[in-house]
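Peer 1: Here it is, the structure in full.
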Amino acid sequence: MSARLRGVARETEEVVAAGVYRTADGREVSIAAAVGVAREGTRVMGPGPVPVPEGVLGTAPSAPRIEVTGESSLEAARRLADAPVAVLNFASARNPGGGYLNGAQAQEEALCRGSALYTCLLRAPGFYDHHRATATRSTRTGWSTRRPCRSSATTGAGSCPSRTPPAS
């Protein structure tokens, strides 16, 4: 576990709670509304099939596009933000954010450090309660969480972009 990454997690959670941060050039950026939408839109899905709302897939069938790139999940999501994007979170089934608050380094933790994901995961206690009560470490159950996100709800690629405290 990394003390530096624990500090980044602490700073990210301060920014998310404040709903605002300052860029390196002093500009204030509000993320409160986008974080609110993401929190309120967080849903637990499962364990059965996930319904696809009408119109989500569009009217014309299209082939999925698969790319392998040298960028993080959040960098790819930001690059593709003009189209519907889903980011797969290789998540802990038992602990929101995995070891994010303790400075662990894995994909879910990186997503939490660069976005408001952790605060959204806290809105899905049933997901974690179910897995703590029933799943072994090697069992996957088919449950998932879903949350809407906009690029403005993120705090930076891996850390807060400004490295300055939240505006008060």
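So you can find residues: chains in the structure tokens are A, B, ... in the order shown, residues in each start at 1, and ligands are numbered from 1 in order.
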Stretch 4-61 of chain A near stretch 113-129 of chain A within 7 Å: what's each residue's closest atom pair and its distance in Å to one decimal, counting only C-alpha atoms, ordered by chain then ascending residue number, as a Markdown table?
Peer 2:
```
| residue | atom | partner | partner_atom | distance |
| --- | --- | --- | --- | --- |
| A:Val8 | CA | A:Arg113 | CA | 6.7 |
| A:Ala9 | CA | A:Arg113 | CA | 5.6 |
| A:Thr12 | CA | A:Arg113 | CA | 6.2 |
| A:Val16 | CA | A:Ala116 | CA | 6.3 |
| A:Val35 | CA | A:Ala116 | CA | 6.5 |
| A:Ala38 | CA | A:Cys120 | CA | 6.7 |
| A:Arg39 | CA | A:Cys120 | CA | 4.8 |
| A:Thr42 | CA | A:Cys120 | CA | 6.1 |
| A:Arg43 | CA | A:Ala124 | CA | 6.9 |
| A:Val44 | CA | A:Ala124 | CA | 6.2 |
```
Peer 1: When DSSP is applied to the backbone of this structure, which of stretch 29-151 of chain A are assigned strand (DSSP E)? Write them out as a short mmCIF file (atom, residue, chain, number, x, y, z; two decimals) with all heavy atoms, in the first residue's frame.
Peer 2:
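For reference, states33.cif as written:
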```cif
data_model
loop_
_atom_site.label_atom_id
_atom_site.label_comp_id
_atom_site.auth_asym_id
_atom_site.auth_seq_id
_atom_site.Cartn_x
_atom_site.Cartn_y
_atom_site.Cartn_z
N VAL A 29 -13.31 24.80 -10.90
CA VAL A 29 -14.12 23.90 -11.71
C VAL A 29 -15.13 23.22 -10.79
O VAL A 29 -14.75 22.56 -9.83
CB VAL A 29 -13.25 22.83 -12.41
CG1 VAL A 29 -14.12 21.86 -13.20
CG2 VAL A 29 -12.21 23.49 -13.30
N SER A 30 -16.41 23.41 -11.08
CA SER A 30 -17.46 22.79 -10.29
C SER A 30 -17.80 21.42 -10.87
O SER A 30 -18.03 21.29 -12.06
CB SER A 30 -18.73 23.65 -10.27
OG SER A 30 -19.76 22.96 -9.58
N ARG A 43 -27.05 2.32 -9.79
CA ARG A 43 -28.01 1.23 -9.65
C ARG A 43 -27.28 -0.08 -9.47
O ARG A 43 -26.22 -0.30 -10.04
CB ARG A 43 -28.89 1.11 -10.89
CG ARG A 43 -29.70 2.34 -11.23
CD ARG A 43 -30.87 2.52 -10.27
NE ARG A 43 -31.64 3.69 -10.59
CZ ARG A 43 -31.45 4.90 -10.08
NH1 ARG A 43 -30.48 5.11 -9.23
NH2 ARG A 43 -32.22 5.90 -10.40
N VAL A 44 -27.89 -0.98 -8.70
CA VAL A 44 -27.39 -2.35 -8.57
C VAL A 44 -28.18 -3.20 -9.54
O VAL A 44 -29.41 -3.12 -9.59
CB VAL A 44 -27.56 -2.87 -7.13
CG1 VAL A 44 -27.17 -4.34 -7.03
CG2 VAL A 44 -26.74 -2.03 -6.16
N MET A 45 -27.49 -4.00 -10.32
CA MET A 45 -28.12 -4.88 -11.29
C MET A 45 -27.78 -6.33 -10.94
O MET A 45 -26.64 -6.63 -10.63
CB MET A 45 -27.59 -4.61 -12.69
CG MET A 45 -27.66 -3.18 -13.14
SD MET A 45 -29.33 -2.70 -13.45
CE MET A 45 -29.11 -1.18 -14.28
N SER A 144 -23.94 -6.61 -10.76
CA SER A 144 -23.12 -5.49 -11.19
C SER A 144 -23.71 -4.20 -10.66
O SER A 144 -24.84 -4.16 -10.18
CB SER A 144 -23.03 -5.43 -12.72
OG SER A 144 -24.29 -5.18 -13.27
N THR A 145 -22.93 -3.14 -10.73
CA THR A 145 -23.44 -1.80 -10.44
C THR A 145 -23.29 -0.99 -11.71
O THR A 145 -22.45 -1.28 -12.57
CB THR A 145 -22.67 -1.11 -9.29
OG1 THR A 145 -21.30 -0.99 -9.65
CG2 THR A 145 -22.81 -1.88 -8.00
N ARG A 146 -24.12 0.01 -11.84
CA ARG A 146 -24.09 0.90 -13.00
C ARG A 146 -24.22 2.31 -12.50
O ARG A 146 -24.99 2.58 -11.59
CB ARG A 146 -25.26 0.55 -13.94
CG ARG A 146 -25.35 1.47 -15.12
CD ARG A 146 -26.74 1.35 -15.76
NE ARG A 146 -26.99 2.44 -16.63
CZ ARG A 146 -27.44 3.64 -16.26
NH1 ARG A 146 -27.70 3.89 -15.01
NH2 ARG A 146 -27.66 4.59 -17.13
#
```
Peer 1: Of the candidates A:Ile66, A:Leu101, A:Leu88, A:Leu74, which one gets nearest to A:Gly7 if we count only C-alpha atoms?
Peer 2: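 Comparing A:Ile66, A:Leu101, A:Leu88, A:Leu74 against A:Gly7, the winner is A:Leu101.
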Peer 1: As an exercise, work out the distance from atom CA of A:Asn102 to atom CA of A:Thr69 in Å and give it to one decimal place.
Peer 2: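 Value for the atom CA of A:Asn102-atom CA of A:Thr69 distance: 28.4 Å.
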Peer 1: At what distance in Å, to one decimal, does atom CA of A:Arg78 lie from atom CA of A:Pro64?
Peer 2: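 Between these atoms lies a distance of 18.2 Å.
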Peer 1: For stretch 108-110 of chain A, please output as a PyMOL selection string all residues within 6 Å (counting only C-alpha atoms; exclusion window: fewer than 6 positions along the same chain).
Peer 2: chain A and resi 89-91+97+100+158
Peer 1: Work out how far atom CA of A:Leu111 is from atom CA of A:Gly36, in Å to one decimal.
Peer 2: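 Separating atom CA of A:Gly36 from atom CA of A:Leu111 is a distance of 17.6 Å.
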Peer 1: Which residues are near A:Gly142? Cut-off 8 Å, only C-alpha atoms, ignore same chain within fewer than 3 positions. Put them as a list in words.
Peer 2: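 Answer for this query is Gly46, Pro47 and Gly48 of chain A.
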Peer 1: Give me a file of those residues, with all heavy atoms, as a compact mmCIF listing (two decimals), in the first residue's frame.
Peer 2:
```txt
# COMPACT_ATOMS: atom_id res chain seq x y z
N GLY A 46 -28.77 -7.21 -10.98
CA GLY A 46 -28.45 -8.62 -10.78
C GLY A 46 -29.34 -9.24 -9.74
O GLY A 46 -30.14 -8.57 -9.11
N PRO A 47 -29.20 -10.48 -9.58
CA PRO A 47 -28.23 -11.33 -10.26
C PRO A 47 -28.70 -11.81 -11.63
O PRO A 47 -27.95 -12.46 -12.34
CB PRO A 47 -28.06 -12.51 -9.31
CG PRO A 47 -29.39 -12.63 -8.63
CD PRO A 47 -29.91 -11.22 -8.53
N GLY A 48 -29.90 -11.49 -12.03
CA GLY A 48 -30.42 -11.94 -13.33
C GLY A 48 -29.95 -11.08 -14.47
O GLY A 48 -29.12 -10.19 -14.30
```
Peer 1: Out of stretch 8-96 of chain A, which residues get helix (DSSP H, G or I) from DSSP, as a ChimeraX atom specification?
Peer 2: /A:8-18,32-41,73-79
Peer 1: May I have the selected residues written with C-alpha atoms, as a compact mmCIF listing (two decimals), in the first residue's frame?
Peer 2:
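Writing the result to selection04.txt gives the following:
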```txt
# COMPACT_ATOMS: atom_id res chain seq x y z
CA VAL A 8 -4.38 11.08 -3.52
CA ALA A 9 -7.47 9.15 -2.38
CA ARG A 10 -7.95 11.54 0.54
CA GLU A 11 -7.59 14.55 -1.76
CA THR A 12 -9.95 13.06 -4.36
CA GLU A 13 -12.61 12.46 -1.70
CA GLU A 14 -12.18 16.05 -0.44
CA VAL A 15 -12.75 17.35 -3.98
CA VAL A 16 -15.78 15.12 -4.50
CA ALA A 17 -17.27 16.21 -1.14
CA ALA A 18 -16.60 19.89 -1.87
CA ALA A 32 -21.07 19.10 -7.86
CA ALA A 33 -23.93 18.71 -10.34
CA ALA A 34 -22.23 15.94 -12.32
CA VAL A 35 -21.31 14.07 -9.13
CA GLY A 36 -24.92 14.40 -7.94
CA VAL A 37 -26.23 12.94 -11.21
CA ALA A 38 -23.76 10.06 -10.97
CA ARG A 39 -24.65 9.33 -7.34
CA GLU A 40 -28.39 9.43 -7.96
CA GLY A 41 -28.06 7.32 -11.09
CA SER A 73 -9.51 3.14 -18.65
CA LEU A 74 -10.30 6.75 -17.74
CA GLU A 75 -8.12 8.17 -20.50
CA ALA A 76 -9.91 5.98 -23.04
CA ALA A 77 -13.33 6.95 -21.66
CA ARG A 78 -12.47 10.65 -21.91
CA ARG A 79 -11.17 10.22 -25.45
```
